Amino acid sequence: MNGMPPVIVADRLSKTYRAGKLEVQALRSVSFAVEPGEFVSIVGPSGSGKSTLFYNLGGLTRPTSGKLLIDGVDFAALKDAERTRLRKQKIGFVFQKFNLLPTLSAMANIELAHEIATGSRKLDAAYFEHLTSLLGIRGRLQHRPAELSGGEQQRVAIARALIARPAIVLADEPTGNLDSENSEAVLQVLRRSNQDLKQTVMMITHNPEAAAIGDRILPMRDGRMLDERAAR
């Protein structure tokens, strides 16, 4: 896309869960690469392995075998502390269930995420204004999550994911708890943040219509990556 090295490389990534004598192969030799600034949708039904892939990409669990390079670093080979540090520096997460702290305002949720990632709550005022304006939440920052609609909560969650300017944004079913109108708004926000803020976005979804917002679609089934297809 831009001549730069891939920001994500999965090389024969496999994950096997064991419970006694039972083995479940959640990922089966998955390989792909993502270039900086791409918006890639991973789509598949429940049980396809896409959520397991999400947790591996985010360093939340280790693959059983294979390599995972994040910005040239073998993420899977790092010790826990090193993986945590790289995750804070490089990756922002957007989850289906928002995961906002209910006792904190939207503003405080965003500030806390920035502090965890950077060690400081002091925000870049110009970037913060641009980000919250892009997301349409500037007038809602003093409200707690219970005082916000589902769509507003998800936009706050996106602001939290983007506030430390991570190179990669991982979104796990970001429209799963939203109605069709709010789903479309959140997808457009993710697309605009990808284009305006130049962040690489990988979105996990079971919805082919949502997947079409990306540049590429990587379909999964039974733990395997199928032939990719263009999103448009």
# chains A, B, ... in the order shown; residues from 1 in each chain; ligands from 1

$ select_by_dssp --residues "range 79-206 of chain A" --states "alpha helix (DSSP H)" --output "ChimeraX atom specification"
/A:80-90,106-118,125-135,150-162,180-197

$ residues_around --residues "range 98-101 of chain A" --least-positions-apart "2" --cutoff "12 Å" --atoms "only C-alpha atoms" --output "MDAnalysis selection string"
chainID A and resid 93:96 103:113 143:146 148:161 171:178

$ write_last_selection --atoms "C-alpha atoms" --output "PDB file, in the first residue's frame"
ATOM      1  CA  PHE A  93      -8.649  -1.887  22.200  1.00  0.00           C
ATOM      2  CA  VAL A  94     -12.347  -1.387  21.435  1.00  0.00           C
ATOM      3  CA  PHE A  95     -14.618  -4.047  22.925  1.00  0.00           C
ATOM      4  CA  GLN A  96     -18.240  -5.002  22.309  1.00  0.00           C
ATOM      5  CA  THR A 103     -18.079   5.624  38.522  1.00  0.00           C
ATOM      6  CA  LEU A 104     -15.947   7.840  36.275  1.00  0.00           C
ATOM      7  CA  SER A 105     -17.030  10.461  33.770  1.00  0.00           C
ATOM      8  CA  ALA A 106     -16.318   9.975  30.089  1.00  0.00           C
ATOM      9  CA  MET A 107     -13.457  12.456  30.446  1.00  0.00           C
ATOM     10  CA  ALA A 108     -11.951  10.575  33.400  1.00  0.00           C
ATOM     11  CA  ASN A 109     -12.230   7.254  31.546  1.00  0.00           C
ATOM     12  CA  ILE A 110     -10.224   8.733  28.667  1.00  0.00           C
ATOM     13  CA  GLU A 111      -7.666  10.359  30.990  1.00  0.00           C
ATOM     14  CA  LEU A 112      -7.139   7.093  32.859  1.00  0.00           C
ATOM     15  CA  ALA A 113      -6.509   5.197  29.619  1.00  0.00           C
ATOM     16  CA  HIS A 143     -21.343  12.473  31.964  1.00  0.00           C
ATOM     17  CA  ARG A 144     -20.916   9.013  33.476  1.00  0.00           C
ATOM     18  CA  PRO A 145     -21.524   5.947  31.288  1.00  0.00           C
ATOM     19  CA  ALA A 146     -25.035   5.346  32.676  1.00  0.00           C
ATOM     20  CA  LEU A 148     -24.872   8.085  27.883  1.00  0.00           C
ATOM     21  CA  SER A 149     -26.576   6.170  25.102  1.00  0.00           C
ATOM     22  CA  GLY A 150     -25.020   2.939  23.837  1.00  0.00           C
ATOM     23  CA  GLY A 151     -23.662   4.710  20.787  1.00  0.00           C
ATOM     24  CA  GLU A 152     -22.156   7.477  22.921  1.00  0.00           C
ATOM     25  CA  GLN A 153     -20.559   4.935  25.245  1.00  0.00           C
ATOM     26  CA  GLN A 154     -18.961   3.160  22.297  1.00  0.00           C
ATOM     27  CA  ARG A 155     -17.631   6.457  20.925  1.00  0.00           C
ATOM     28  CA  VAL A 156     -16.108   7.201  24.348  1.00  0.00           C
ATOM     29  CA  ALA A 157     -14.589   3.715  24.272  1.00  0.00           C
ATOM     30  CA  ILE A 158     -13.085   4.510  20.859  1.00  0.00           C
ATOM     31  CA  ALA A 159     -11.664   7.780  22.223  1.00  0.00           C
ATOM     32  CA  ARG A 160     -10.144   5.806  25.089  1.00  0.00           C
ATOM     33  CA  ALA A 161      -8.557   3.394  22.577  1.00  0.00           C
ATOM     34  CA  ALA A 171     -11.922  -3.663  17.600  1.00  0.00           C
ATOM     35  CA  ASP A 172     -13.816  -6.760  18.751  1.00  0.00           C
ATOM     36  CA  GLU A 173     -17.445  -6.731  17.536  1.00  0.00           C
ATOM     37  CA  PRO A 174     -17.651  -2.953  18.164  1.00  0.00           C
ATOM     38  CA  THR A 175     -21.266  -2.809  16.923  1.00  0.00           C
ATOM     39  CA  GLY A 176     -22.457  -5.988  18.652  1.00  0.00           C
ATOM     40  CA  ASN A 177     -24.503  -4.185  21.326  1.00  0.00           C
ATOM     41  CA  LEU A 178     -25.825  -1.376  19.127  1.00  0.00           C
TER      42      LEU A 178
END

$ residues_around --residues "Asp80 in chain A" --least-positions-apart "3" --cutoff "12 Å" --atoms "only C-alpha atoms" --output "PyMOL selection string"
chain A and resi 59-62+75-77+83-87

$ write_last_selection --atoms "N, CA and C atoms" --output "compact mmCIF listing (two decimals), in the first residue's frame"
# COMPACT_ATOMS: atom_id res chain seq x y z
N GLY A 59 -1.92 -9.61 22.34
CA GLY A 59 -1.00 -10.04 23.38
C GLY A 59 -1.68 -10.44 24.67
N LEU A 60 -2.98 -10.71 24.61
CA LEU A 60 -3.73 -11.10 25.80
C LEU A 60 -3.60 -12.58 26.08
N THR A 61 -3.17 -13.34 25.08
CA THR A 61 -2.86 -14.75 25.24
C THR A 61 -1.76 -15.10 24.24
N ARG A 62 -1.05 -16.19 24.50
CA ARG A 62 0.05 -16.59 23.62
C ARG A 62 -0.43 -17.65 22.62
N PHE A 75 6.02 -10.63 19.01
CA PHE A 75 5.14 -10.42 20.16
C PHE A 75 5.00 -11.70 20.97
N ALA A 76 4.84 -12.83 20.26
CA ALA A 76 4.57 -14.10 20.92
C ALA A 76 5.76 -14.58 21.75
N ALA A 77 6.98 -14.14 21.41
CA ALA A 77 8.18 -14.61 22.10
C ALA A 77 8.54 -13.76 23.32
N ARG A 83 5.65 -7.92 26.91
CA ARG A 83 4.46 -7.93 26.06
C ARG A 83 3.45 -6.89 26.53
N THR A 84 3.32 -6.76 27.85
CA THR A 84 2.40 -5.76 28.40
C THR A 84 2.85 -4.35 28.03
N ARG A 85 4.15 -4.09 28.13
CA ARG A 85 4.65 -2.77 27.78
C ARG A 85 4.43 -2.45 26.30
N LEU A 86 4.70 -3.42 25.43
CA LEU A 86 4.50 -3.20 24.00
C LEU A 86 3.03 -3.00 23.69
N ARG A 87 2.17 -3.75 24.36
CA ARG A 87 0.73 -3.62 24.14
C ARG A 87 0.27 -2.22 24.51

$ residues_around --residues "Val7 in chain A" --least-positions-apart "3" --cutoff "8 Å" --atoms "only C-alpha atoms" --output "PyMOL selection string"
chain A and resi 33-36+69-72

$ closest_residue --among "A:Arg221, A:Arg138, A:Lys50, A:Lys15" --to "Pro63 in chain A" --atoms "only C-alpha atoms"
A:Lys15

$ closest_atom_pairs --of "range 50-151 of chain A" --to "range 183-197 of chain A" --cutoff "10 Å" --atoms "only C-alpha atoms" --output "Markdown table"
| residue | atom | partner | partner_atom | distance |
| --- | --- | --- | --- | --- |
| A:Tyr127 | CA | A:Leu197 | CA | 9.8 |
| A:His130 | CA | A:Leu197 | CA | 9.8 |
| A:Leu131 | CA | A:Ser193 | CA | 8.3 |
| A:Leu134 | CA | A:Val189 | CA | 7.4 |
| A:Leu135 | CA | A:Val189 | CA | 6.3 |
| A:Gly136 | CA | A:Val189 | CA | 9.2 |
| A:Gly150 | CA | A:Ser183 | CA | 9.8 |
| A:Gly151 | CA | A:Val186 | CA | 7.1 |

$ atom_distance --atom1 "CA of Gly37 in chain A" --atom2 "CA of Ile168 in chain A"
8.6 Å
